[in-house]
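For reference, the structure discussed in these notes is given below.
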Amino acid sequence: MKRYLQAPNRSSAATISIMAGRDKSLTHRAIMFSSLSEGRSQIHHPLLGADCLSTISCFEALGVKIDVHGDEKVEVLSEGFAKFRQPTRDLDCGNSGTTARLILGILAAQKNLNFRLIGDESLSKRPMKRVVIPLRKMGASIEGSDDGNFLPLTIKGQTLHAETHQVDKASAQVKSCLLLAGMFSDGTTRVSLPKGSRDHTERVLQKMGAKLETRVEGDLEEIALTGPFKTKSMDVKIPVDPSSAAFFAVLGILLTEGRIEMPDVLDNATRTGFMKVLARMSQGLSFTSNQAQSIGFVEPVGLLAVQGGMPLVGTDISEEEIPSLVDEIPILAVAAAFAKGPSLFRGLSELRVKESDRLMLTGELLKASGADFEIRGDDLWIAGGLKDVTPFTFDPEGDHRLAMSAAILARRCKKPCCILDSECVRVSFPNFYEALGAVDTF
Ligand code: S3P
């Protein structure tokens, strides 16, 4: 569906509170760990984006009973992984790389069960070898085209054994997949990788009493998990997703006046790198941890507040910072386009294998809006100083984060801009346009 957006007619000096979408990474993990655990789990305020619904549908196919009570709660009733049943249909991961990569670590270890994993057109082009090769080292049987690099994949569950892995990317999906496989393996599974990727899987395992240690040495982190380890059912609340809040943080910074506040945003340094970058660019951003409010949440939360009408300056983002803001590059590029002075984002190679070639598409969006930029290998240079946005038509190619970045950019254009396939935002932030509408009218 096409959607037309432009700058609102009036601005407001008031403060508006926005509830951004709940956290995608944490919802995926809560559904997965609950499904593996015997008993009844309750997940309050889950994200019911298309990606998390794909995870739910995969575990339902394994015989887990999952009741969705609207946005309020998901209840998971499982007899534990030992009672997973042979699915009678393909497991469909839809658009979700997290579902596909993490579930592979679980399925590979389900002895005597066979699975076929499929996904949509975008996911079927995304590389799976990064998890398939190390899983095979643990004894997994996984087959698919290009030596198991692409969905559809067929998996024959096996008894896995612990292994030591050297991973060359700071990828939480790879790390989590191997730790999940490690839960089913005798001995210590070690994963060494460049530091800084999100650590939600480690936190859940540690909270549940797993023997898990993380050691950081220079630029590397090593996680050691001793298996086998059985998880327990849970009762948790999901915080607001910093990656969704980031769109409203940039919108707030681009407002000429007024203030946007977002409560209950996940407070985890492996996810909040964009806040550090925006704080370097503008004095308008503040994030306050809220220990008292954090009780019951799966991880701590804080209040993110952004004041409009403050000067915005360009910044450099180093390669080391990328893991903590890997999903926020397109929206940070939008902020950089309006900043005074140039910005340079370094080391963006992973963006080429996201839901789209995100580096290329971020360039397309900047170009369509009239911003001056260059893609230099895997780096992105943005001149800054954009004043009059050229009215644009933009095709996000089904990539939710590009559609939302285009919507925020359109808010600075005096004439209507058209976003094609605008509904792809449902992948991670189904209520995005309602939240945007609330800012328009406040
Ligand atoms: C995710 C990890 C990141 C991120 C993705 C979610 C996760 O991917 O981009 O949106 O939940 O583990 P990589 O592990 O490929 O960096």
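Note on naming: chains are A, B, ... as they come in the structure tokens, residues start from 1 per chain, ligands start from 1 in the order shown.
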
**Item:** Residues near range 376-378 of chain A, cut-off 9 Å, only C-alpha atoms, skip fewer than 6 positions along chain, as a list in words
**Value:**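 My reading of the contact set: Phe345, Arg346, Gly347, Leu348, Ser349, Glu350, Leu351, Arg352 and Leu359 of chain A.
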
Quick one: everything within 8 Å of range 278-280 of chain A, counting only C-alpha atoms, minus sequence neighbours fewer than 5 positions away in the same chain. Send it as a short mmCIF file (atom, residue, chain, number, x, y, z; two decimals) with all heavy atoms, in the first residue's frame.
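Result written to part-v5.cif:
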```cif
data_model
loop_
_atom_site.label_atom_id
_atom_site.label_comp_id
_atom_site.auth_asym_id
_atom_site.auth_seq_id
_atom_site.Cartn_x
_atom_site.Cartn_y
_atom_site.Cartn_z
N VAL A 250 14.88 10.47 16.47
CA VAL A 250 15.35 11.34 15.37
C VAL A 250 14.24 12.33 15.00
O VAL A 250 14.51 13.52 14.80
CB VAL A 250 15.80 10.48 14.16
CG1 VAL A 250 16.05 11.37 12.94
CG2 VAL A 250 17.07 9.70 14.52
N LEU A 285 19.02 15.18 23.48
CA LEU A 285 18.64 13.81 23.87
C LEU A 285 19.10 13.46 25.28
O LEU A 285 20.22 13.73 25.68
CB LEU A 285 19.26 12.81 22.88
CG LEU A 285 18.90 11.34 23.12
CD1 LEU A 285 18.55 10.63 21.83
CD2 LEU A 285 20.06 10.63 23.82
N SER A 286 18.19 12.84 26.05
CA SER A 286 18.61 12.33 27.36
C SER A 286 17.98 10.96 27.58
O SER A 286 16.87 10.69 27.09
CB SER A 286 18.20 13.29 28.48
OG SER A 286 16.80 13.26 28.63
N VAL A 313 24.70 18.62 14.83
CA VAL A 313 25.99 18.63 14.11
C VAL A 313 26.34 17.22 13.64
O VAL A 313 25.92 16.23 14.23
CB VAL A 313 27.15 19.17 15.00
CG1 VAL A 313 26.95 20.63 15.33
CG2 VAL A 313 27.32 18.34 16.26
N THR A 315 28.67 13.82 12.74
CA THR A 315 29.54 13.02 13.61
C THR A 315 30.16 11.88 12.83
O THR A 315 29.71 11.55 11.72
CB THR A 315 28.74 12.46 14.81
OG1 THR A 315 29.65 11.91 15.77
CG2 THR A 315 27.77 11.34 14.38
N LEU A 332 19.81 6.99 11.43
CA LEU A 332 20.90 7.91 11.78
C LEU A 332 21.37 8.66 10.54
O LEU A 332 21.77 9.83 10.61
CB LEU A 332 22.06 7.15 12.43
CG LEU A 332 21.80 6.65 13.85
CD1 LEU A 332 22.95 5.77 14.35
CD2 LEU A 332 21.59 7.81 14.83
#
```

**Message:** Applying 12 Å and only C-alpha atoms, which residues near Arg130 in chain A remain after dropping the ones on its own chain fewer than 2 positions away? List them as a PyMOL selection string.
**Reply:** chain A and resi 97+100-102+104-105+126-128+132-137+147-150+165-178+353

I need the residues from that last selection saved to file as a compact mmCIF listing (two decimals), in the first residue's frame (with N, CA, C and O atoms), if you can.
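Here's the written file part21.txt:
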```txt
# COMPACT_ATOMS: atom_id res chain seq x y z
N GLY A 97 15.13 -13.10 9.96
CA GLY A 97 16.47 -13.70 10.08
C GLY A 97 16.72 -14.23 11.48
O GLY A 97 17.37 -15.27 11.66
N ALA A 100 15.03 -17.64 11.83
CA ALA A 100 15.71 -18.69 11.07
C ALA A 100 17.03 -19.09 11.72
O ALA A 100 17.31 -20.26 11.95
N ARG A 101 17.84 -18.09 12.06
CA ARG A 101 19.20 -18.41 12.53
C ARG A 101 19.15 -19.00 13.93
O ARG A 101 19.88 -19.95 14.24
N LEU A 102 18.31 -18.45 14.79
CA LEU A 102 18.28 -18.98 16.17
C LEU A 102 17.64 -20.37 16.22
O LEU A 102 18.14 -21.27 16.90
N LEU A 104 17.59 -22.64 14.09
CA LEU A 104 18.47 -23.69 13.54
C LEU A 104 19.29 -24.35 14.66
O LEU A 104 19.49 -25.57 14.65
N GLY A 105 19.73 -23.56 15.63
CA GLY A 105 20.51 -24.12 16.75
C GLY A 105 19.69 -25.05 17.61
O GLY A 105 20.22 -25.97 18.24
N ARG A 126 19.21 -14.50 2.15
CA ARG A 126 20.17 -14.11 3.20
C ARG A 126 21.04 -15.30 3.62
O ARG A 126 20.57 -16.43 3.69
N PRO A 127 22.33 -15.04 3.90
CA PRO A 127 23.27 -16.14 4.12
C PRO A 127 23.04 -16.88 5.44
O PRO A 127 22.94 -16.26 6.49
N MET A 128 22.95 -18.19 5.35
CA MET A 128 22.75 -19.04 6.52
C MET A 128 24.03 -19.81 6.86
O MET A 128 24.12 -20.41 7.93
N VAL A 132 25.23 -22.44 9.68
CA VAL A 132 25.20 -23.86 9.26
C VAL A 132 26.58 -24.51 9.40
O VAL A 132 26.70 -25.62 9.92
N ILE A 133 27.62 -23.80 8.99
CA ILE A 133 28.98 -24.39 9.04
C ILE A 133 29.38 -24.71 10.49
O ILE A 133 29.75 -25.85 10.79
N PRO A 134 29.30 -23.76 11.43
CA PRO A 134 29.65 -24.12 12.82
C PRO A 134 28.71 -25.17 13.43
O PRO A 134 29.16 -26.01 14.21
N LEU A 135 27.43 -25.16 13.05
CA LEU A 135 26.52 -26.19 13.59
C LEU A 135 26.94 -27.57 13.08
O LEU A 135 26.89 -28.55 13.83
N ARG A 136 27.37 -27.64 11.82
CA ARG A 136 27.82 -28.94 11.29
C ARG A 136 29.02 -29.45 12.08
O ARG A 136 29.16 -30.64 12.31
N LYS A 137 29.87 -28.51 12.52
CA LYS A 137 31.04 -28.89 13.33
C LYS A 137 30.60 -29.58 14.63
O LYS A 137 31.31 -30.38 15.20
N ASP A 147 25.46 -25.32 -0.66
CA ASP A 147 26.03 -25.98 0.52
C ASP A 147 25.39 -25.51 1.84
O ASP A 147 26.06 -25.31 2.84
N GLY A 148 24.08 -25.33 1.79
CA GLY A 148 23.37 -24.98 3.03
C GLY A 148 23.36 -23.50 3.32
O GLY A 148 23.08 -23.08 4.44
N ASN A 149 23.64 -22.66 2.30
CA ASN A 149 23.69 -21.21 2.58
C ASN A 149 22.31 -20.56 2.54
O ASN A 149 22.11 -19.52 3.15
N PHE A 150 21.37 -21.20 1.80
CA PHE A 150 20.08 -20.52 1.61
C PHE A 150 18.90 -21.40 1.97
O PHE A 150 18.92 -22.60 1.75
N HIS A 165 34.22 -22.32 18.78
CA HIS A 165 33.96 -21.64 17.51
C HIS A 165 34.66 -20.27 17.48
O HIS A 165 34.63 -19.54 18.47
N GLN A 166 35.24 -19.96 16.33
CA GLN A 166 35.77 -18.59 16.09
C GLN A 166 34.85 -17.96 15.06
O GLN A 166 34.82 -18.44 13.92
N VAL A 167 34.13 -16.93 15.45
CA VAL A 167 33.19 -16.27 14.52
C VAL A 167 33.82 -14.94 14.11
O VAL A 167 34.32 -14.20 14.97
N ASP A 168 33.80 -14.61 12.81
CA ASP A 168 34.51 -13.39 12.38
C ASP A 168 33.62 -12.14 12.36
O ASP A 168 34.09 -11.07 11.99
N LYS A 169 32.34 -12.28 12.73
CA LYS A 169 31.44 -11.11 12.73
C LYS A 169 30.89 -10.89 14.13
O LYS A 169 30.63 -11.87 14.83
N ALA A 170 30.61 -9.63 14.48
CA ALA A 170 29.98 -9.34 15.78
C ALA A 170 28.48 -9.58 15.62
O ALA A 170 27.68 -8.65 15.67
N SER A 171 28.08 -10.84 15.43
CA SER A 171 26.67 -11.15 15.16
C SER A 171 26.01 -11.86 16.33
O SER A 171 26.40 -12.96 16.72
N ALA A 172 24.96 -11.22 16.87
CA ALA A 172 24.20 -11.82 17.98
C ALA A 172 23.42 -13.04 17.50
O ALA A 172 23.18 -13.96 18.27
N GLN A 173 23.02 -13.03 16.24
CA GLN A 173 22.25 -14.18 15.75
C GLN A 173 23.13 -15.42 15.69
O GLN A 173 22.72 -16.51 16.09
N VAL A 174 24.36 -15.26 15.21
CA VAL A 174 25.28 -16.41 15.13
C VAL A 174 25.62 -16.89 16.55
O VAL A 174 25.53 -18.08 16.87
N LYS A 175 26.00 -15.94 17.40
CA LYS A 175 26.36 -16.27 18.78
C LYS A 175 25.20 -17.00 19.48
O LYS A 175 25.38 -18.05 20.10
N SER A 176 23.99 -16.48 19.33
CA SER A 176 22.82 -17.06 20.01
C SER A 176 22.52 -18.45 19.48
O SER A 176 22.20 -19.37 20.24
N CYS A 177 22.60 -18.62 18.18
CA CYS A 177 22.35 -19.93 17.57
C CYS A 177 23.30 -20.98 18.17
O CYS A 177 22.86 -22.07 18.55
N LEU A 178 24.57 -20.62 18.27
CA LEU A 178 25.55 -21.60 18.76
C LEU A 178 25.37 -21.86 20.25
O LEU A 178 25.57 -22.99 20.72
N VAL A 353 23.62 -7.46 3.88
CA VAL A 353 22.91 -8.75 3.96
C VAL A 353 21.79 -8.72 5.01
O VAL A 353 21.50 -9.71 5.66
```

**Asked** Among range 230-342 of chain A, which residues carry a DSSP assignment of alpha helix (DSSP H), reported as an MDAnalysis selection string?
**Response** chainID A and resid 242:254 273:281 329:338

Could you name the residues that touch Ser78 in chain A at 9 Å or less, counting only C-alpha atoms, but leaving out those on the same chain fewer than 5 positions away, as a PDB file with N, CA and C atoms, in the first residue's frame?
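What landed in out37.pdb:
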```
ATOM      1  N   SER A  34      10.587 -20.032  26.311  1.00  0.00           N
ATOM      2  CA  SER A  34       9.361 -20.559  26.918  1.00  0.00           C
ATOM      3  C   SER A  34       8.960 -21.865  26.241  1.00  0.00           C
ATOM      4  N   SER A  35       9.082 -21.910  24.927  1.00  0.00           N
ATOM      5  CA  SER A  35       8.677 -23.113  24.188  1.00  0.00           C
ATOM      6  C   SER A  35       9.561 -24.301  24.540  1.00  0.00           C
ATOM      7  N   LEU A  36      10.820 -24.031  24.852  1.00  0.00           N
ATOM      8  CA  LEU A  36      11.746 -25.112  25.212  1.00  0.00           C
ATOM      9  C   LEU A  36      11.486 -25.632  26.627  1.00  0.00           C
ATOM     10  N   SER A  37      10.820 -24.807  27.461  1.00  0.00           N
ATOM     11  CA  SER A  37      10.711 -25.110  28.891  1.00  0.00           C
ATOM     12  C   SER A  37       9.376 -25.772  29.214  1.00  0.00           C
ATOM     13  N   GLU A  38       9.420 -26.726  30.121  1.00  0.00           N
ATOM     14  CA  GLU A  38       8.187 -27.393  30.533  1.00  0.00           C
ATOM     15  C   GLU A  38       7.382 -26.456  31.437  1.00  0.00           C
ATOM     16  N   GLY A  39       6.077 -26.350  31.175  1.00  0.00           N
ATOM     17  CA  GLY A  39       5.229 -25.529  32.045  1.00  0.00           C
ATOM     18  C   GLY A  39       4.593 -24.378  31.296  1.00  0.00           C
ATOM     19  N   ARG A  40       3.969 -23.464  32.089  1.00  0.00           N
ATOM     20  CA  ARG A  40       3.248 -22.323  31.511  1.00  0.00           C
ATOM     21  C   ARG A  40       4.087 -21.060  31.670  1.00  0.00           C
ATOM     22  N   SER A  41       4.336 -20.367  30.574  1.00  0.00           N
ATOM     23  CA  SER A  41       5.062 -19.090  30.631  1.00  0.00           C
ATOM     24  C   SER A  41       4.132 -17.967  30.233  1.00  0.00           C
ATOM     25  N   GLY A  63       4.218 -28.414  18.242  1.00  0.00           N
ATOM     26  CA  GLY A  63       3.282 -28.929  19.243  1.00  0.00           C
ATOM     27  C   GLY A  63       3.150 -28.067  20.486  1.00  0.00           C
ATOM     28  N   VAL A  64       3.796 -26.897  20.501  1.00  0.00           N
ATOM     29  CA  VAL A  64       3.688 -26.015  21.668  1.00  0.00           C
ATOM     30  C   VAL A  64       2.366 -25.235  21.556  1.00  0.00           C
ATOM     31  N   LYS A  65       1.658 -25.086  22.696  1.00  0.00           N
ATOM     32  CA  LYS A  65       0.403 -24.339  22.666  1.00  0.00           C
ATOM     33  C   LYS A  65       0.701 -22.879  22.997  1.00  0.00           C
ATOM     34  N   ILE A  66       0.405 -21.995  22.078  1.00  0.00           N
ATOM     35  CA  ILE A  66       0.706 -20.574  22.303  1.00  0.00           C
ATOM     36  C   ILE A  66      -0.572 -19.764  22.111  1.00  0.00           C
ATOM     37  N   LYS A  83       9.360 -33.212  24.280  1.00  0.00           N
ATOM     38  CA  LYS A  83       8.059 -33.658  23.752  1.00  0.00           C
ATOM     39  C   LYS A  83       7.702 -32.952  22.433  1.00  0.00           C
ATOM     40  N   PHE A  84       8.673 -32.245  21.841  1.00  0.00           N
ATOM     41  CA  PHE A  84       8.380 -31.631  20.536  1.00  0.00           C
ATOM     42  C   PHE A  84       7.906 -32.736  19.599  1.00  0.00           C
ATOM     43  N   SER A 233      10.289 -22.327  32.738  1.00  0.00           N
ATOM     44  CA  SER A 233       9.223 -21.436  32.269  1.00  0.00           C
ATOM     45  C   SER A 233       9.397 -20.058  32.922  1.00  0.00           C
TER      46      SER A 233
END
```

**Asked** Could you pull the residues within 8 Å of Ala61 in chain A, counting only C-alpha atoms, minus those fewer than 4 positions along the same chain, as a PyMOL selection string?
**Response** chain A and resi 57+87-89+91

Please write the residues from the selection above to a file, keeping N, CA, C and O atoms, as a compact mmCIF listing (two decimals), in the first residue's frame.
```txt
# COMPACT_ATOMS: atom_id res chain seq x y z
N SER A 57 4.59 -19.25 15.15
CA SER A 57 4.03 -20.28 14.27
C SER A 57 5.00 -21.48 14.14
O SER A 57 4.57 -22.62 14.07
N PRO A 87 6.80 -32.05 13.00
CA PRO A 87 5.85 -31.15 12.32
C PRO A 87 5.33 -31.77 11.03
O PRO A 87 6.05 -32.50 10.36
N THR A 88 4.09 -31.43 10.71
CA THR A 88 3.49 -31.96 9.48
C THR A 88 3.51 -30.88 8.39
O THR A 88 2.91 -31.04 7.33
N ARG A 89 4.14 -29.76 8.68
CA ARG A 89 4.26 -28.71 7.67
C ARG A 89 5.65 -28.08 7.76
O ARG A 89 6.37 -28.29 8.74
N LEU A 91 8.38 -25.24 8.44
CA LEU A 91 8.47 -24.16 9.44
C LEU A 91 8.78 -22.88 8.66
O LEU A 91 9.83 -22.76 8.04
```

**Request:** Find the residues near Cys417 in chain A: any atom within 12 Å, counting only C-alpha atoms, skip ones fewer than 3 places away on the same chain, and give them as a VMD selection string.
**Result:** chain A and resid 2 to 7 365 368 to 369 389 to 395 403 406 to 414 420 422

**Message:** For Gln293 in chain A, find every residue with an atom within 9 Å (counting only C-alpha atoms), except residues of its own chain fewer than 6 positions away, and show them as a PyMOL selection string.
**Reply:** chain A and resi 264+300-302

**Request:** Any chance you could list, as a VMD selection string, the residues in range 158-265 of chain A that come up strand (DSSP E or B) when DSSP is run on the backbone?
**Result:** chain A and resid 161 164 to 166 186 to 194 211 to 217 220 to 227 235 to 237 240 259 to 265

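Shortest separation to Ser243 in chain A among A:Leu220, A:Met1, A:Val326, A:Leu436 occurs at residue A:Val326, atoms counted being only C-alpha atoms.
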
Using only C-alpha atoms, what table do you get, as a Markdown table, when you list each residue of range 204-225 of chain A with an atom no more than 10 Å from range 182-193 of chain A, its nearest pair of atoms, and their distance in Å rounded to one decimal, rows by chain then rising number?
```
| residue | atom | partner | partner_atom | distance |
| --- | --- | --- | --- | --- |
| A:Leu205 | CA | A:Met183 | CA | 9.3 |
| A:Ala210 | CA | A:Met183 | CA | 8.9 |
| A:Lys211 | CA | A:Thr188 | CA | 9.2 |
| A:Leu212 | CA | A:Thr188 | CA | 9.2 |
| A:Glu213 | CA | A:Arg190 | CA | 9.5 |
| A:Thr214 | CA | A:Val191 | CA | 9.5 |
| A:Arg215 | CA | A:Ser192 | CA | 9.2 |
| A:Val216 | CA | A:Ser192 | CA | 9.4 |
| A:Asp219 | CA | A:Leu193 | CA | 8.5 |
| A:Leu220 | CA | A:Leu193 | CA | 5.5 |
| A:Glu221 | CA | A:Leu193 | CA | 5.6 |
| A:Glu222 | CA | A:Ser192 | CA | 4.2 |
| A:Ile223 | CA | A:Val191 | CA | 5.3 |
| A:Ala224 | CA | A:Arg190 | CA | 4.4 |
| A:Leu225 | CA | A:Thr189 | CA | 5.3 |
```

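Atom 2 (C, counted along the ligand's line) of ligand 1 lies 22.9 Å from CA of Thr154 in chain A.
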